[in-house]
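See below for run_26.pdb, which holds PDB, C-alpha atoms.
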```
ATOM      1  CA  MET A   1     -65.932 -21.877 -11.548
ATOM      2  CA  PHE A   2     -66.634 -23.189  -8.022
ATOM      3  CA  GLN A   3     -70.152 -23.092  -6.644
ATOM      4  CA  GLY A   4     -72.833 -25.045  -4.821
ATOM      5  CA  SER A   5     -72.129 -27.365  -1.893
ATOM      6  CA  MET A   6     -68.409 -27.705  -1.210
ATOM      7  CA  VAL A   7     -67.012 -29.400   1.871
ATOM      8  CA  ALA A   8     -64.297 -28.147   4.192
ATOM      9  CA  MET A   9     -63.207 -31.738   4.798
ATOM     10  CA  VAL A  10     -61.731 -33.028   8.042
ATOM     11  CA  THR A  11     -58.359 -34.744   8.082
ATOM     12  CA  PRO A  12     -59.006 -38.178   9.644
ATOM     13  CA  MET A  13     -56.509 -39.288  12.281
ATOM     14  CA  GLY A  14     -55.945 -42.407  14.308
ATOM     15  CA  PRO A  15     -55.713 -42.437  18.113
ATOM     16  CA  ASP A  16     -51.995 -41.593  17.740
ATOM     17  CA  THR A  17     -53.030 -38.494  15.686
ATOM     18  CA  GLU A  18     -51.239 -39.767  12.589
ATOM     19  CA  VAL A  19     -53.220 -39.104   9.404
ATOM     20  CA  ASP A  20     -55.483 -42.029   8.482
ATOM     21  CA  PHE A  21     -55.155 -42.040   4.703
ATOM     22  CA  PRO A  22     -57.541 -44.965   4.058
ATOM     23  CA  ALA A  23     -60.253 -43.144   6.025
ATOM     24  CA  MET A  24     -59.509 -39.978   4.068
ATOM     25  CA  GLU A  25     -60.008 -41.863   0.823
ATOM     26  CA  ARG A  26     -63.320 -43.256   2.091
ATOM     27  CA  LEU A  27     -64.456 -39.721   2.897
ATOM     28  CA  ILE A  28     -63.585 -38.567  -0.614
ATOM     29  CA  ASP A  29     -65.639 -41.443  -2.055
ATOM     30  CA  PHE A  30     -68.493 -40.536   0.304
ATOM     31  CA  HIS A  31     -68.556 -36.990  -1.062
ATOM     32  CA  VAL A  32     -68.390 -38.100  -4.675
ATOM     33  CA  GLU A  33     -71.297 -40.493  -4.083
ATOM     34  CA  ASN A  34     -73.402 -37.860  -2.314
ATOM     35  CA  GLY A  35     -73.011 -35.018  -4.784
ATOM     36  CA  THR A  36     -70.592 -32.678  -3.038
ATOM     37  CA  GLN A  37     -69.293 -30.292  -5.698
ATOM     38  CA  ALA A  38     -65.751 -29.680  -4.430
ATOM     39  CA  ILE A  39     -63.510 -30.662  -1.522
ATOM     40  CA  VAL A  40     -61.294 -28.266   0.387
ATOM     41  CA  SER A  41     -58.275 -30.266   1.528
ATOM     42  CA  VAL A  42     -56.329 -29.120   4.588
ATOM     43  CA  GLY A  43     -58.274 -25.991   5.389
ATOM     44  CA  THR A  44     -59.186 -24.924   8.920
ATOM     45  CA  THR A  45     -61.484 -27.938   9.343
ATOM     46  CA  GLY A  46     -58.622 -30.121   8.095
ATOM     47  CA  GLU A  47     -56.394 -28.937  10.969
ATOM     48  CA  SER A  48     -53.940 -27.236   8.637
ATOM     49  CA  SER A  49     -52.272 -25.332  11.472
ATOM     50  CA  THR A  50     -50.956 -28.521  13.127
ATOM     51  CA  LEU A  51     -49.776 -30.646  10.190
ATOM     52  CA  GLY A  52     -46.486 -29.027   9.162
ATOM     53  CA  PHE A  53     -45.409 -28.394   5.556
ATOM     54  CA  ASP A  54     -44.454 -31.929   4.529
ATOM     55  CA  LEU A  55     -47.575 -33.622   5.893
ATOM     56  CA  HIS A  56     -49.762 -30.768   4.643
ATOM     57  CA  ALA A  57     -48.439 -31.353   1.134
ATOM     58  CA  LYS A  58     -48.809 -35.123   1.445
ATOM     59  CA  VAL A  59     -52.480 -34.861   2.467
ATOM     60  CA  MET A  60     -53.190 -32.549  -0.477
ATOM     61  CA  GLU A  61     -51.374 -34.859  -2.885
ATOM     62  CA  ARG A  62     -53.093 -38.041  -1.705
ATOM     63  CA  SER A  63     -56.463 -36.290  -1.896
ATOM     64  CA  ILE A  64     -55.844 -35.240  -5.486
ATOM     65  CA  GLU A  65     -54.603 -38.698  -6.441
ATOM     66  CA  HIS A  66     -57.600 -40.474  -4.939
ATOM     67  CA  ALA A  67     -60.148 -37.992  -6.293
ATOM     68  CA  ALA A  68     -58.702 -38.724  -9.747
ATOM     69  CA  GLY A  69     -60.688 -35.959 -11.404
ATOM     70  CA  ARG A  70     -64.035 -37.133 -10.024
ATOM     71  CA  ILE A  71     -64.406 -34.014  -7.855
ATOM     72  CA  PRO A  72     -62.413 -30.761  -7.762
ATOM     73  CA  ILE A  73     -59.853 -30.468  -4.957
ATOM     74  CA  ILE A  74     -59.286 -26.987  -3.553
ATOM     75  CA  ALA A  75     -56.069 -26.920  -1.535
ATOM     76  CA  GLY A  76     -55.855 -24.886   1.642
ATOM     77  CA  THR A  77     -52.574 -23.019   1.226
ATOM     78  CA  GLY A  78     -52.966 -19.819   3.231
ATOM     79  CA  GLY A  79     -50.755 -18.541   6.023
ATOM     80  CA  ASN A  80     -49.743 -15.415   7.849
ATOM     81  CA  SER A  81     -46.409 -15.354   6.027
ATOM     82  CA  THR A  82     -46.671 -14.395   2.359
ATOM     83  CA  SER A  83     -43.600 -16.430   1.431
ATOM     84  CA  GLU A  84     -44.945 -19.554   3.160
ATOM     85  CA  ALA A  85     -48.333 -19.144   1.456
ATOM     86  CA  ILE A  86     -46.569 -18.884  -1.911
ATOM     87  CA  HIS A  87     -44.562 -22.032  -1.116
ATOM     88  CA  LEU A  88     -47.671 -24.077  -0.282
ATOM     89  CA  THR A  89     -49.596 -22.671  -3.233
ATOM     90  CA  ARG A  90     -46.785 -23.616  -5.607
ATOM     91  CA  ILE A  91     -46.856 -27.152  -4.219
ATOM     92  CA  ALA A  92     -50.637 -27.263  -4.727
ATOM     93  CA  ARG A  93     -50.254 -26.251  -8.358
ATOM     94  CA  GLU A  94     -47.444 -28.730  -8.990
ATOM     95  CA  ILE A  95     -49.436 -31.675  -7.605
ATOM     96  CA  GLY A  96     -52.541 -30.813  -9.616
ATOM     97  CA  ALA A  97     -54.935 -28.992  -7.292
ATOM     98  CA  ASP A  98     -57.847 -27.348  -9.069
ATOM     99  CA  ALA A  99     -57.589 -24.185  -6.956
ATOM    100  CA  ALA A 100     -56.106 -22.801  -3.752
ATOM    101  CA  LEU A 101     -57.964 -21.379  -0.753
ATOM    102  CA  LEU A 102     -56.010 -18.600   0.959
ATOM    103  CA  VAL A 103     -57.019 -17.388   4.390
ATOM    104  CA  VAL A 104     -56.516 -13.803   5.532
ATOM    105  CA  PRO A 105     -53.222 -13.706   7.470
ATOM    106  CA  TYR A 106     -53.893 -14.382  11.125
ATOM    107  CA  TYR A 107     -52.397 -12.941  14.308
ATOM    108  CA  ASN A 108     -50.223 -10.233  12.732
ATOM    109  CA  LYS A 109     -53.195  -7.981  11.778
ATOM    110  CA  PRO A 110     -52.085  -6.441   8.450
ATOM    111  CA  THR A 111     -53.623  -3.252   7.107
ATOM    112  CA  GLN A 112     -56.006  -3.332   4.141
ATOM    113  CA  GLU A 113     -53.091  -2.354   1.909
ATOM    114  CA  GLY A 114     -51.071  -5.186   3.411
ATOM    115  CA  LEU A 115     -53.895  -7.621   2.643
ATOM    116  CA  TYR A 116     -54.078  -6.390  -0.933
ATOM    117  CA  GLN A 117     -50.334  -6.734  -1.457
ATOM    118  CA  HIS A 118     -50.289 -10.178   0.221
ATOM    119  CA  PHE A 119     -52.950 -11.700  -2.029
ATOM    120  CA  LYS A 120     -51.768  -9.861  -5.145
ATOM    121  CA  THR A 121     -48.231 -11.169  -4.613
ATOM    122  CA  ILE A 122     -49.426 -14.773  -4.235
ATOM    123  CA  ALA A 123     -51.712 -14.529  -7.273
ATOM    124  CA  GLU A 124     -48.919 -13.151  -9.429
ATOM    125  CA  ALA A 125     -46.424 -15.755  -8.164
ATOM    126  CA  VAL A 126     -48.562 -18.848  -8.748
ATOM    127  CA  PRO A 127     -50.834 -19.196 -11.820
ATOM    128  CA  ILE A 128     -53.582 -21.273 -10.228
ATOM    129  CA  PRO A 129     -57.204 -20.232  -9.524
ATOM    130  CA  GLN A 130     -57.310 -18.716  -6.046
ATOM    131  CA  ILE A 131     -60.160 -18.196  -3.584
ATOM    132  CA  LEU A 132     -59.770 -15.619  -0.840
ATOM    133  CA  TYR A 133     -60.953 -16.595   2.653
ATOM    134  CA  ASN A 134     -62.117 -13.977   5.137
ATOM    135  CA  VAL A 135     -62.867 -15.308   8.625
ATOM    136  CA  PRO A 136     -62.232 -12.453  11.083
ATOM    137  CA  GLY A 137     -63.532 -14.458  14.038
ATOM    138  CA  ARG A 138     -60.447 -16.675  13.712
ATOM    139  CA  THR A 139     -57.839 -14.386  12.173
ATOM    140  CA  GLY A 140     -58.438 -11.175  14.106
ATOM    141  CA  CYS A 141     -58.411  -9.274  10.798
ATOM    142  CA  ASP A 142     -61.350  -8.394   8.545
ATOM    143  CA  MET A 143     -60.768  -7.942   4.809
ATOM    144  CA  LEU A 144     -63.148  -5.175   3.785
ATOM    145  CA  THR A 145     -65.217  -5.131   0.605
ATOM    146  CA  ALA A 146     -63.135  -2.348  -0.933
ATOM    147  CA  THR A 147     -60.053  -4.569  -0.694
ATOM    148  CA  VAL A 148     -61.903  -7.541  -2.186
ATOM    149  CA  ASP A 149     -63.030  -5.255  -5.011
ATOM    150  CA  ARG A 150     -59.406  -4.383  -5.798
ATOM    151  CA  LEU A 151     -58.371  -8.028  -5.750
ATOM    152  CA  ALA A 152     -61.294  -9.089  -7.942
ATOM    153  CA  GLY A 153     -59.532  -7.433 -10.860
ATOM    154  CA  ILE A 154     -56.717 -10.014 -10.760
ATOM    155  CA  ASP A 155     -57.384 -12.741 -13.317
ATOM    156  CA  ASN A 156     -56.700 -15.840 -11.239
ATOM    157  CA  ILE A 157     -58.540 -14.642  -8.129
ATOM    158  CA  VAL A 158     -61.862 -16.360  -8.795
ATOM    159  CA  GLY A 159     -63.799 -16.198  -5.534
ATOM    160  CA  ILE A 160     -64.036 -15.329  -1.880
ATOM    161  CA  LYS A 161     -65.192 -17.459   1.008
ATOM    162  CA  ASP A 162     -66.776 -14.905   3.315
ATOM    163  CA  ALA A 163     -67.246 -16.465   6.748
ATOM    164  CA  THR A 164     -68.501 -13.375   8.536
ATOM    165  CA  GLY A 165     -72.092 -14.659   8.461
ATOM    166  CA  ASP A 166     -73.162 -11.070   7.758
ATOM    167  CA  LEU A 167     -75.874 -10.983   5.086
ATOM    168  CA  ASP A 168     -75.417  -7.247   4.588
ATOM    169  CA  ARG A 169     -71.762  -7.967   3.784
ATOM    170  CA  ALA A 170     -72.889 -10.704   1.385
ATOM    171  CA  ARG A 171     -75.208  -8.301  -0.456
ATOM    172  CA  GLU A 172     -72.421  -5.716  -0.616
ATOM    173  CA  LEU A 173     -69.928  -8.204  -2.045
ATOM    174  CA  VAL A 174     -72.439  -9.515  -4.592
ATOM    175  CA  GLY A 175     -73.330  -5.989  -5.669
ATOM    176  CA  ILE A 176     -69.782  -4.697  -5.984
ATOM    177  CA  CYS A 177     -67.790  -7.645  -7.337
ATOM    178  CA  GLY A 178     -70.178 -10.572  -7.795
ATOM    179  CA  ASP A 179     -69.950 -10.176 -11.572
ATOM    180  CA  ARG A 180     -66.190 -10.859 -11.479
ATOM    181  CA  ILE A 181     -65.684 -13.449  -8.727
ATOM    182  CA  ASN A 182     -67.908 -15.997  -7.012
ATOM    183  CA  ILE A 183     -69.130 -14.891  -3.609
ATOM    184  CA  LEU A 184     -69.148 -17.967  -1.370
ATOM    185  CA  THR A 185     -69.912 -18.392   2.305
ATOM    186  CA  GLY A 186     -68.264 -20.440   5.004
ATOM    187  CA  GLU A 187     -70.986 -19.927   7.596
ATOM    188  CA  ASP A 188     -73.463 -22.807   7.452
ATOM    189  CA  GLY A 189     -76.055 -21.133   9.658
ATOM    190  CA  THR A 190     -76.645 -18.349   7.128
ATOM    191  CA  ALA A 191     -75.615 -20.196   3.951
ATOM    192  CA  CYS A 192     -79.157 -20.652   2.639
ATOM    193  CA  GLU A 193     -79.926 -16.937   2.871
ATOM    194  CA  HIS A 194     -76.457 -16.020   1.617
ATOM    195  CA  ILE A 195     -77.100 -17.908  -1.619
ATOM    196  CA  LEU A 196     -80.617 -16.485  -1.933
ATOM    197  CA  VAL A 197     -79.202 -12.929  -1.869
ATOM    198  CA  GLY A 198     -76.811 -13.756  -4.722
ATOM    199  CA  GLY A 199     -74.008 -15.898  -3.308
ATOM    200  CA  LYS A 200     -72.831 -18.862  -5.343
ATOM    201  CA  GLY A 201     -72.275 -21.540  -2.732
ATOM    202  CA  ASP A 202     -71.068 -22.735   0.650
ATOM    203  CA  ILE A 203     -67.721 -24.167   1.745
ATOM    204  CA  SER A 204     -69.332 -26.152   4.498
ATOM    205  CA  VAL A 205     -68.562 -27.922   7.752
ATOM    206  CA  THR A 206     -72.052 -29.451   7.869
ATOM    207  CA  ALA A 207     -71.462 -31.093   4.473
ATOM    208  CA  ASN A 208     -68.952 -33.405   6.176
ATOM    209  CA  VAL A 209     -71.845 -35.294   7.769
ATOM    210  CA  ALA A 210     -74.861 -34.281   5.654
ATOM    211  CA  PRO A 211     -73.481 -33.929   2.118
ATOM    212  CA  ARG A 212     -76.618 -34.899   0.216
ATOM    213  CA  ALA A 213     -78.879 -32.543   2.162
ATOM    214  CA  MET A 214     -76.408 -29.675   1.774
ATOM    215  CA  ARG A 215     -76.245 -30.300  -1.983
ATOM    216  CA  ARG A 216     -80.051 -30.263  -2.213
ATOM    217  CA  MET A 217     -80.289 -27.071  -0.180
ATOM    218  CA  CYS A 218     -77.638 -25.283  -2.226
ATOM    219  CA  ASP A 219     -79.177 -26.434  -5.512
ATOM    220  CA  ALA A 220     -82.595 -25.134  -4.489
ATOM    221  CA  ALA A 221     -81.199 -21.795  -3.329
ATOM    222  CA  LEU A 222     -79.168 -21.377  -6.527
ATOM    223  CA  ALA A 223     -82.352 -22.057  -8.501
ATOM    224  CA  ASP A 224     -84.061 -19.317  -6.428
ATOM    225  CA  ASP A 225     -86.485 -21.890  -4.996
ATOM    226  CA  ALA A 226     -86.519 -20.228  -1.595
ATOM    227  CA  ASP A 227     -89.301 -22.346  -0.095
ATOM    228  CA  THR A 228     -87.557 -25.635  -0.840
ATOM    229  CA  ALA A 229     -84.156 -24.336   0.229
ATOM    230  CA  ARG A 230     -85.532 -23.074   3.547
ATOM    231  CA  GLN A 231     -87.461 -26.292   4.194
ATOM    232  CA  ILE A 232     -84.292 -28.351   3.766
ATOM    233  CA  ASN A 233     -82.291 -25.881   5.809
ATOM    234  CA  ASP A 234     -84.810 -26.093   8.670
ATOM    235  CA  THR A 235     -83.923 -29.786   9.087
ATOM    236  CA  LEU A 236     -80.228 -28.844   9.227
ATOM    237  CA  ALA A 237     -80.419 -25.768  11.452
ATOM    238  CA  ASP A 238     -79.780 -27.603  14.729
ATOM    239  CA  LEU A 239     -76.868 -29.435  13.130
ATOM    240  CA  HIS A 240     -75.316 -26.184  11.883
ATOM    241  CA  ALA A 241     -75.371 -24.926  15.478
ATOM    242  CA  ALA A 242     -74.315 -28.192  17.136
ATOM    243  CA  LEU A 243     -71.212 -28.506  14.973
ATOM    244  CA  PHE A 244     -69.913 -25.285  16.525
ATOM    245  CA  MET A 245     -70.685 -26.062  20.186
ATOM    246  CA  GLU A 246     -66.933 -26.317  20.602
ATOM    247  CA  SER A 247     -64.249 -25.108  18.234
ATOM    248  CA  ASN A 248     -64.401 -26.566  14.725
ATOM    249  CA  PRO A 249     -63.467 -29.336  13.896
ATOM    250  CA  ILE A 250     -64.022 -30.837  17.362
ATOM    251  CA  PRO A 251     -67.779 -31.535  17.009
ATOM    252  CA  VAL A 252     -67.711 -32.585  13.348
ATOM    253  CA  LYS A 253     -64.923 -35.106  13.955
ATOM    254  CA  TRP A 254     -66.943 -36.541  16.849
ATOM    255  CA  ALA A 255     -70.035 -36.753  14.606
ATOM    256  CA  LEU A 256     -68.097 -38.544  11.861
ATOM    257  CA  HIS A 257     -66.790 -41.014  14.436
ATOM    258  CA  GLU A 258     -70.387 -41.633  15.567
ATOM    259  CA  MET A 259     -71.213 -42.415  11.936
ATOM    260  CA  GLY A 260     -68.380 -44.948  11.800
ATOM    261  CA  MET A 261     -66.487 -42.907   9.216
ATOM    262  CA  ILE A 262     -63.309 -42.009  11.126
ATOM    263  CA  GLU A 263     -61.361 -42.736  14.311
ATOM    264  CA  ARG A 264     -61.278 -40.318  17.244
ATOM    265  CA  GLY A 265     -57.905 -38.705  16.511
ATOM    266  CA  ILE A 266     -57.542 -34.924  16.770
ATOM    267  CA  ARG A 267     -54.357 -32.927  17.328
ATOM    268  CA  LEU A 268     -53.608 -30.749  20.327
ATOM    269  CA  PRO A 269     -54.342 -28.054  21.247
ATOM    270  CA  LEU A 270     -57.777 -29.306  20.104
ATOM    271  CA  THR A 271     -59.350 -32.029  22.227
ATOM    272  CA  ARG A 272     -62.236 -34.455  21.841
ATOM    273  CA  LEU A 273     -65.787 -33.172  22.218
ATOM    274  CA  ALA A 274     -66.830 -32.735  25.851
ATOM    275  CA  GLU A 275     -69.275 -35.427  26.942
ATOM    276  CA  GLU A 276     -71.866 -32.838  27.961
ATOM    277  CA  TYR A 277     -72.408 -32.014  24.265
ATOM    278  CA  HIS A 278     -72.696 -35.575  22.935
ATOM    279  CA  GLU A 279     -76.450 -35.922  23.146
ATOM    280  CA  THR A 280     -77.042 -32.446  21.695
ATOM    281  CA  VAL A 281     -75.009 -33.333  18.618
ATOM    282  CA  ARG A 282     -76.690 -36.748  18.378
ATOM    283  CA  ALA A 283     -80.149 -35.129  18.513
ATOM    284  CA  ALA A 284     -79.184 -32.660  15.775
ATOM    285  CA  MET A 285     -77.904 -35.519  13.638
ATOM    286  CA  ARG A 286     -81.168 -37.450  14.107
ATOM    287  CA  LYS A 287     -83.207 -34.380  13.139
ATOM    288  CA  ALA A 288     -81.115 -34.064   9.973
ATOM    289  CA  GLY A 289     -81.777 -37.715   9.135
ATOM    290  CA  ILE A 290     -78.205 -38.864   9.766
ATOM    291  CA  VAL A 291     -77.746 -42.421  11.030
TER     292      VAL A 291
END
```
Would you write out, as structure tokens, the structure that this file holds?
Amino acid sequence: MFQGSMVAMVTPMGPDTEVDFPAMERLIDFHVENGTQAIVSVGTTGESSTLGFDLHAKVMERSIEHAAGRIPIIAGTGGNSTSEAIHLTRIAREIGADAALLVVPYYNKPTQEGLYQHFKTIAEAVPIPQILYNVPGRTGCDMLTATVDRLAGIDNIVGIKDATGDLDRARELVGICGDRINILTGEDGTACEHILVGGKGDISVTANVAPRAMRRMCDAALADDADTARQINDTLADLHAALFMESNPIPVKWALHEMGMIERGIRLPLTRLAEEYHETVRAAMRKAGIV
């Protein structure tokens, strides 16, 4: 259902850190024009943890309204409280999201059984396509393949965004449940190889600033044209790394500001990119052909 180059889109903010909705609409148009295949609204890169419920819902709703069916909108609705995740996921369904992205609960470190019951409960409560999101580097909890395998049997669980960057994990997921759900990555540095071993796409930070190149790379990898995919990825490799020189979305918001796409706003506890990294990100952008 969801594959190829998908963007984990930033939430643009003004200097006062209020959401800049006109800039958000311009970003959506930018992705439509450049071939991005889906937008994740208010995920990690969209600073979901600092928006609050009402603003979170408003950003999702405005994104869906402006996209107007031109590109699928996947709503970030996860949380470390099952009831809160259900609440946000219900809102996403009511306002017309195409799917929900649900992160592994963070901080409270549930067991594998707890993870299974958490995602099963949300899936049964809200009849919308749902994509699991495993990012242990942020959550402190790793959802193992056996748990994903159990969840893959639930009809409206349609994919997993695996952001471990582990290609052995990718092969394992593809082999065990890739015939039932789409195995996606959220790790740009290994996305090319992830797709070449059987993954179906990338929910990408890099696609915020290089959407056309990411689409071309994903298309080539999905077509099993490894040489072309790797050639394109070589031009993006420095950018993949530079956009994580400080915590995401700090560098990517700075890069988008350099491109004239958004203002500088970012919400505490995140801060603007340290000046010592500016030229490194600029050089990576130039190598990727970004003006």
Open item on the list: Is it possible to get the residues within 7 Å of (-47.3, -31.5, -0.9) (coordinates as in the file, counting all atoms listed in the file) written as a list in words?
Closed with: Asp54, His56, Ala57, Lys58, Met60, Glu61, Ile91 and Ala92 of chain A
Open item on the list: One number please: CA of His278 in chain A to CA of Leu236 in chain A, in Å, one decimal.
Closed with: 17.0 Å
- [ ] For Gly159 in chain A, work out the shell of residues within 10 Å, counting all atoms listed in the file and skipping chain neighbours fewer than 4 positions away, then give it as a PyMOL selection string.
- [x] chain A and resi 1-3+101+129-133+148+151-152+177-178+180-184+200
For the structure shown, which residues end up in the PyMOL selection byres ((chain A and resi 49) around 12)? Put them as a PDB file with C-alpha atoms, keeping the file's coordinate frame, please?
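Full text of expr.pdb as output:
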```
ATOM      1  CA  THR A  11     -58.359 -34.744   8.082  1.00  0.00           C
ATOM      2  CA  VAL A  42     -56.329 -29.120   4.588  1.00  0.00           C
ATOM      3  CA  GLY A  43     -58.274 -25.991   5.389  1.00  0.00           C
ATOM      4  CA  THR A  44     -59.186 -24.924   8.920  1.00  0.00           C
ATOM      5  CA  THR A  45     -61.484 -27.938   9.343  1.00  0.00           C
ATOM      6  CA  GLY A  46     -58.622 -30.121   8.095  1.00  0.00           C
ATOM      7  CA  GLU A  47     -56.394 -28.937  10.969  1.00  0.00           C
ATOM      8  CA  SER A  48     -53.940 -27.236   8.637  1.00  0.00           C
ATOM      9  CA  THR A  50     -50.956 -28.521  13.127  1.00  0.00           C
ATOM     10  CA  LEU A  51     -49.776 -30.646  10.190  1.00  0.00           C
ATOM     11  CA  GLY A  52     -46.486 -29.027   9.162  1.00  0.00           C
ATOM     12  CA  PHE A  53     -45.409 -28.394   5.556  1.00  0.00           C
ATOM     13  CA  LEU A  55     -47.575 -33.622   5.893  1.00  0.00           C
ATOM     14  CA  HIS A  56     -49.762 -30.768   4.643  1.00  0.00           C
ATOM     15  CA  GLY A  76     -55.855 -24.886   1.642  1.00  0.00           C
ATOM     16  CA  THR A  77     -52.574 -23.019   1.226  1.00  0.00           C
ATOM     17  CA  GLY A  78     -52.966 -19.819   3.231  1.00  0.00           C
ATOM     18  CA  GLY A  79     -50.755 -18.541   6.023  1.00  0.00           C
ATOM     19  CA  ASN A  80     -49.743 -15.415   7.849  1.00  0.00           C
ATOM     20  CA  VAL A 103     -57.019 -17.388   4.390  1.00  0.00           C
ATOM     21  CA  TYR A 106     -53.893 -14.382  11.125  1.00  0.00           C
ATOM     22  CA  ARG A 267     -54.357 -32.927  17.328  1.00  0.00           C
ATOM     23  CA  LEU A 268     -53.608 -30.749  20.327  1.00  0.00           C
ATOM     24  CA  PRO A 269     -54.342 -28.054  21.247  1.00  0.00           C
ATOM     25  CA  LEU A 270     -57.777 -29.306  20.104  1.00  0.00           C
TER      26      LEU A 270
END
```
TODO: Convert the output of the PyMOL selection byres ((chain A and resi 70) around 12) on the shown file into explicit residues, formatted as number ranges by chain.
DONE: A: 28-33, 35-39, 63-69, 71-73, 98
- [ ] Give me the result of the PyMOL selection byres ((chain A and resi 118) around 10) on this file, residue by residue, as a ChimeraX atom specification.
- [x] /A:80-83,85-86,104-105,110,112-117,119-123
Open item on the list: Considering all atoms listed in the file, can you say which of A:Val59, A:Ile232, A:Ala170, A:Ala255 comes closest to Thr145 in chain A?
Closed with: A:Ala170
